[in-house]
$ cat query.pdb   # PDB, C-alpha atoms
ATOM      1  CA  MET A1448      13.989  -2.199  -9.876
ATOM      2  CA  GLU A1449      12.782   1.319  -9.131
ATOM      3  CA  ARG A1450       9.017   1.733  -9.364
ATOM      4  CA  THR A1451       7.038   4.806 -10.399
ATOM      5  CA  PRO A1452       4.598   6.681  -8.147
ATOM      6  CA  GLU A1453       1.809   5.390 -10.408
ATOM      7  CA  TYR A1454       2.845   1.814  -9.644
ATOM      8  CA  TYR A1455       2.389   2.376  -5.909
ATOM      9  CA  MET A1456      -0.776   4.432  -6.392
ATOM     10  CA  THR A1457      -2.298   1.502  -8.277
ATOM     11  CA  ILE A1458      -1.653  -0.658  -5.210
ATOM     12  CA  ALA A1459      -3.157   2.044  -2.985
ATOM     13  CA  LEU A1460      -6.239   2.050  -5.240
ATOM     14  CA  ARG A1461      -6.559  -1.719  -4.700
ATOM     15  CA  GLU A1462      -6.584  -1.015  -0.967
ATOM     16  CA  ALA A1463      -9.298   1.603  -1.565
ATOM     17  CA  GLU A1464     -11.336  -1.069  -3.354
ATOM     18  CA  LYS A1465     -11.051  -3.289  -0.268
ATOM     19  CA  ALA A1466     -12.384  -0.411   1.831
ATOM     20  CA  ALA A1467     -15.381   0.034  -0.487
ATOM     21  CA  LEU A1468     -16.176  -3.689  -0.247
ATOM     22  CA  GLU A1469     -16.251  -3.265   3.549
ATOM     23  CA  ASP A1470     -18.551  -0.211   3.199
ATOM     24  CA  GLU A1471     -15.749   2.124   4.237
ATOM     25  CA  VAL A1472     -14.880   5.339   2.407
ATOM     26  CA  PRO A1473     -12.512   4.048  -0.296
ATOM     27  CA  VAL A1474      -9.113   5.418   0.654
ATOM     28  CA  GLY A1475      -5.994   3.284   0.381
ATOM     29  CA  CYS A1476      -2.419   3.834   1.493
ATOM     30  CA  VAL A1477       0.969   2.226   0.825
ATOM     31  CA  VAL A1478       4.242   2.840   2.701
ATOM     32  CA  VAL A1479       7.508   2.160   0.860
ATOM     33  CA  LYS A1480      10.897   2.055   2.573
ATOM     34  CA  ASP A1481      14.217   1.103   1.008
ATOM     35  CA  GLY A1482      12.460   0.292  -2.253
ATOM     36  CA  ARG A1483      10.007  -2.223  -0.822
ATOM     37  CA  ILE A1484       6.432  -2.042   0.364
ATOM     38  CA  VAL A1485       6.415  -2.314   4.157
ATOM     39  CA  ALA A1486       2.703  -1.634   4.696
ATOM     40  CA  LYS A1487      -0.631  -1.425   2.887
ATOM     41  CA  ALA A1488      -3.906  -0.378   4.475
ATOM     42  CA  HIS A1489      -7.314   1.153   3.917
ATOM     43  CA  ASN A1490      -9.915   3.024   5.958
ATOM     44  CA  LYS A1491     -11.359   1.120   8.915
ATOM     45  CA  LYS A1492     -13.353   3.860  10.659
ATOM     46  CA  GLU A1493     -16.654   1.978  10.522
ATOM     47  CA  LYS A1494     -15.211  -1.439  11.333
ATOM     48  CA  LYS A1495     -13.280  -0.117  14.341
ATOM     49  CA  ASN A1496     -15.858   2.554  15.246
ATOM     50  CA  SER A1497     -13.139   5.171  15.471
ATOM     51  CA  ALA A1498     -12.610   8.524  13.786
ATOM     52  CA  THR A1499      -8.848   7.895  13.850
ATOM     53  CA  ARG A1500      -8.727   4.730  11.748
ATOM     54  CA  HIS A1501      -7.874   6.432   8.460
ATOM     55  CA  ALA A1502      -5.899   4.487   5.846
ATOM     56  CA  GLU A1503      -2.774   6.530   6.581
ATOM     57  CA  ILE A1504      -2.854   5.845  10.321
ATOM     58  CA  GLU A1505      -3.447   2.136   9.701
ATOM     59  CA  ALA A1506      -0.529   2.049   7.232
ATOM     60  CA  LEU A1507       1.859   4.021   9.448
ATOM     61  CA  GLU A1508       1.180   1.654  12.350
ATOM     62  CA  LYS A1509       1.747  -1.395  10.143
ATOM     63  CA  ALA A1510       4.957   0.148   8.782
ATOM     64  CA  ALA A1511       6.230   0.818  12.309
ATOM     65  CA  ALA A1512       5.532  -2.790  13.257
ATOM     66  CA  ALA A1513       7.210  -4.097  10.091
ATOM     67  CA  THR A1514      10.334  -1.980  10.526
ATOM     68  CA  GLY A1515      10.494  -2.110  14.311
ATOM     69  CA  ASN A1516      10.546   1.672  14.548
ATOM     70  CA  TRP A1517       7.851   4.360  14.514
ATOM     71  CA  TRP A1518      10.412   6.749  13.026
ATOM     72  CA  LEU A1519       9.901   6.072   9.345
ATOM     73  CA  GLU A1520      12.814   8.134   8.053
ATOM     74  CA  GLY A1521      13.345   7.465   4.373
ATOM     75  CA  ALA A1522       9.813   6.137   3.875
ATOM     76  CA  GLU A1523       7.533   7.326   1.109
ATOM     77  CA  VAL A1524       3.763   7.311   1.555
ATOM     78  CA  PHE A1525       1.275   6.885  -1.292
ATOM     79  CA  VAL A1526      -2.381   7.607  -0.521
ATOM     80  CA  THR A1527      -5.398   7.912  -2.800
ATOM     81  CA  LEU A1528      -6.788  11.041  -1.102
ATOM     82  CA  GLU A1529      -5.005  14.126   0.207
ATOM     83  CA  PRO A1530      -4.382  13.576   3.935
ATOM     84  CA  CYS A1531      -6.298  15.444   6.629
ATOM     85  CA  ALA A1532      -4.662  17.333   9.507
ATOM     86  CA  MET A1533      -4.512  14.220  11.710
ATOM     87  CA  CYS A1534      -2.827  12.076   9.076
ATOM     88  CA  ALA A1535      -0.447  14.803   7.896
ATOM     89  CA  GLY A1536       0.509  15.369  11.541
ATOM     90  CA  ALA A1537       1.170  11.660  12.022
ATOM     91  CA  MET A1538       3.456  11.702   8.968
ATOM     92  CA  ILE A1539       5.343  14.696  10.365
ATOM     93  CA  ASN A1540       5.784  12.856  13.670
ATOM     94  CA  ALA A1541       6.889   9.680  11.871
ATOM     95  CA  ARG A1542       9.378  11.761   9.886
ATOM     96  CA  ILE A1543       8.519  10.316   6.498
ATOM     97  CA  ALA A1544      10.644  11.357   3.508
ATOM     98  CA  LYS A1545       7.940  12.119   0.936
ATOM     99  CA  LEU A1546       4.195  11.994   0.367
ATOM    100  CA  TYR A1547       2.379  11.266  -2.881
ATOM    101  CA  PHE A1548      -1.394  11.528  -3.051
ATOM    102  CA  GLY A1549      -4.071  11.096  -5.692
ATOM    103  CA  ALA A1550      -7.229  13.174  -5.369
ATOM    104  CA  TYR A1551      -7.228  16.603  -3.751
ATOM    105  CA  ASP A1552      -9.553  17.041  -0.778
ATOM    106  CA  LEU A1553     -10.967  20.562  -0.851
ATOM    107  CA  LYS A1554     -12.857  20.072   2.438
ATOM    108  CA  TYR A1555     -10.274  18.414   4.712
ATOM    109  CA  GLY A1556      -6.986  18.273   2.800
ATOM    110  CA  CYS A1557      -4.031  19.568   4.776
ATOM    111  CA  CYS A1558      -1.237  18.875   2.304
ATOM    112  CA  GLY A1559      -1.891  21.811   0.028
ATOM    113  CA  SER A1560      -5.646  22.330  -0.281
ATOM    114  CA  ILE A1561      -6.999  24.068   2.823
ATOM    115  CA  TYR A1562      -3.683  24.032   4.644
ATOM    116  CA  ASP A1563      -0.172  22.696   4.055
ATOM    117  CA  LEU A1564       1.118  21.087   7.224
ATOM    118  CA  PRO A1565       4.108  19.272   5.632
ATOM    119  CA  SER A1566       5.679  22.555   4.480
ATOM    120  CA  ASP A1567       5.010  24.539   7.674
ATOM    121  CA  THR A1568       8.519  25.261   8.948
ATOM    122  CA  ARG A1569       7.267  25.763  12.497
ATOM    123  CA  PHE A1570       7.275  21.957  12.773
ATOM    124  CA  ASN A1571      10.518  20.115  13.457
ATOM    125  CA  HIS A1572      10.143  18.040  10.278
ATOM    126  CA  ASN A1573       8.979  18.839   6.774
ATOM    127  CA  PHE A1574       8.677  16.730   3.666
ATOM    128  CA  PRO A1575       7.886  17.268   0.000
ATOM    129  CA  VAL A1576       4.422  16.476  -1.305
ATOM    130  CA  THR A1577       3.345  15.558  -4.814
ATOM    131  CA  GLY A1578      -0.402  15.636  -5.348
ATOM    132  CA  GLY A1579      -2.504  14.606  -8.296
ATOM    133  CA  ILE A1580      -0.934  11.185  -8.941
ATOM    134  CA  MET A1581      -3.678   9.315 -10.843
ATOM    135  CA  ALA A1582      -6.062  11.957  -9.515
ATOM    136  CA  ALA A1583      -8.886  11.126 -11.932
ATOM    137  CA  GLU A1584      -8.884   7.440 -10.985
ATOM    138  CA  CYS A1585      -8.697   8.201  -7.266
ATOM    139  CA  ALA A1586     -11.468  10.807  -7.420
ATOM    140  CA  ALA A1587     -13.653   8.526  -9.551
ATOM    141  CA  ARG A1588     -13.405   5.744  -6.968
ATOM    142  CA  LEU A1589     -14.649   8.119  -4.268
ATOM    143  CA  SER A1590     -17.416   9.544  -6.474
ATOM    144  CA  GLU A1591     -18.650   6.070  -7.422
ATOM    145  CA  TYR A1592     -18.764   5.037  -3.773
ATOM    146  CA  PHE A1593     -20.765   8.070  -2.658
ATOM    147  CA  ALA A1594     -23.105   7.874  -5.681
ATOM    148  CA  ALA A1595     -23.896   4.253  -4.776
ATOM    149  CA  LYS A1596     -24.501   5.265  -1.137
ATOM    150  CA  ARG A1597     -26.936   8.010  -2.205
ATOM    151  CA  LYS A1598     -28.731   5.625  -4.550
ATOM    152  CA  LYS A1599     -29.318   3.138  -1.694
ATOM    153  CA  GLN A1600     -30.877   5.874   0.431
TER     154      GLN A1600
END
$ encode --input "query.pdb" --output "structure tokens"
Amino acid sequence: MERTPEYYMTIALREAEKAALEDEVPVGCVVVKDGRIVAKAHNKKEKKNSATRHAEIEALEKAAAATGNWWLEGAEVFVTLEPCAMCAGAMINARIAKLYFGAYDLKYGCCGSIYDLPSDTRFNHNFPVTGGIMAAECAARLSEYFAAKRKKQ
């Protein structure tokens, strides 16, 4: 059965919830290949004390392990927040087929907001991007998290 982007974004939002429970910025990511979920992940920057442990990087690594190949040709990525330059670059290198994201990131987003790495033809691989999938829900999750953080301070 073919699933909708909203179906996978709902799963990515569940991953974002896990991140929030771990006091991580609530971003979740799902990688789908050949019609099945091969990886799910969320931010782990605080837990792993690393600027590189974004949900997308975690998910791409899990997907590579699950498929036995870091080339993720044919894979679709669903993430609750527009990817940054690092994550968009990792997706270019992994040669994903398509990216879907929820909320736009006007400060760091590099899949259409401040830059558009996936469509830059100077790279050896490009892929289509669809932003705004369940954007209100994804943005609300982030806003709630940061509002709670400010309230604690």
$ closest_residue --input "query.pdb" --among "A:Val1485, A:Phe1548, A:Val1524, A:Pro1530" --to "Ala1512 in chain A" --atoms "all atoms listed in the file"
A:Val1485
$ residues_around --input "query.pdb" --residues "Ile1561 in chain A" --least-positions-apart "5" --cutoff "10 Å" --atoms "all atoms listed in the file" --output "NGL selection string"
:A and (1531-1532 or 1551-1556)
$ closest_residue --input "query.pdb" --among "A:Leu1564, A:Ile1458, A:Ile1543, A:Cys1558" --to "Lys1480 in chain A" --atoms "all atoms listed in the file"
A:Ile1543
$ closest_residue --input "query.pdb" --among "A:Lys1495, A:Lys1596, A:His1489, A:His1501" --to "Cys1476 in chain A" --atoms "all atoms listed in the file"
A:His1489
$ resolve_selection --input "query.pdb" --expression "the PyMOL selection byres ((chain A and resi 1536-1541) around 10)" --output "short mmCIF file (atom, residue, chain, number, x, y, z; two decimals) with C-alpha atoms, in the coordinates of the input"
data_model
loop_
_atom_site.label_atom_id
_atom_site.label_comp_id
_atom_site.auth_asym_id
_atom_site.auth_seq_id
_atom_site.Cartn_x
_atom_site.Cartn_y
_atom_site.Cartn_z
CA GLU A 1503 -2.77 6.53 6.58
CA ILE A 1504 -2.85 5.84 10.32
CA LEU A 1507 1.86 4.02 9.45
CA GLU A 1508 1.18 1.65 12.35
CA ALA A 1511 6.23 0.82 12.31
CA ASN A 1516 10.55 1.67 14.55
CA TRP A 1517 7.85 4.36 14.51
CA TRP A 1518 10.41 6.75 13.03
CA LEU A 1519 9.90 6.07 9.35
CA GLU A 1520 12.81 8.13 8.05
CA ALA A 1522 9.81 6.14 3.88
CA GLU A 1523 7.53 7.33 1.11
CA VAL A 1524 3.76 7.31 1.56
CA PRO A 1530 -4.38 13.58 3.94
CA CYS A 1531 -6.30 15.44 6.63
CA ALA A 1532 -4.66 17.33 9.51
CA MET A 1533 -4.51 14.22 11.71
CA CYS A 1534 -2.83 12.08 9.08
CA ALA A 1535 -0.45 14.80 7.90
CA ARG A 1542 9.38 11.76 9.89
CA ILE A 1543 8.52 10.32 6.50
CA ALA A 1544 10.64 11.36 3.51
CA LYS A 1545 7.94 12.12 0.94
CA LEU A 1546 4.20 11.99 0.37
CA CYS A 1557 -4.03 19.57 4.78
CA LEU A 1564 1.12 21.09 7.22
CA PRO A 1565 4.11 19.27 5.63
CA SER A 1566 5.68 22.56 4.48
CA PHE A 1570 7.28 21.96 12.77
CA ASN A 1571 10.52 20.11 13.46
CA HIS A 1572 10.14 18.04 10.28
CA ASN A 1573 8.98 18.84 6.77
CA PHE A 1574 8.68 16.73 3.67
#
$ atom_distance --input "query.pdb" --atom1 "CA of Ala1594 in chain A" --atom2 "CA of Pro1452 in chain A"
27.8 Å
$ resolve_selection --input "query.pdb" --expression "the PyMOL selection byres ((chain A and resi 1502) around 10)" --output "list in words"
Ala1459, Glu1462, Ala1463, Ala1466, Val1472, Pro1473, Val1474, Gly1475, Cys1476, Val1477, Lys1487, Ala1488, His1489, Asn1490, Lys1491, Lys1492, Thr1499, Arg1500, His1501, Glu1503, Ile1504, Glu1505, Ala1506, Leu1507, Val1526, Thr1527, Leu1528, Pro1530 and Cys1534 of chain A
$ atom_distance --input "query.pdb" --atom1 "CA of Gly1521 in chain A" --atom2 "CA of Val1479 in chain A"
8.6 Å
$ closest_residue --input "query.pdb" --among "A:Val1576, A:Met1581, A:Ile1484, A:Ala1498" --to "Glu1471 in chain A" --atoms "all atoms listed in the file"
A:Ala1498
$ closest_residue --input "query.pdb" --among "A:Thr1457, A:Thr1568, A:Thr1514, A:Ser1497" --to "Ala1582 in chain A" --atoms "all atoms listed in the file"
A:Thr1457
$ atom_distance --input "query.pdb" --atom1 "CA of Glu1449 in chain A" --atom2 "CA of Asp1481 in chain A"
10.2 Å
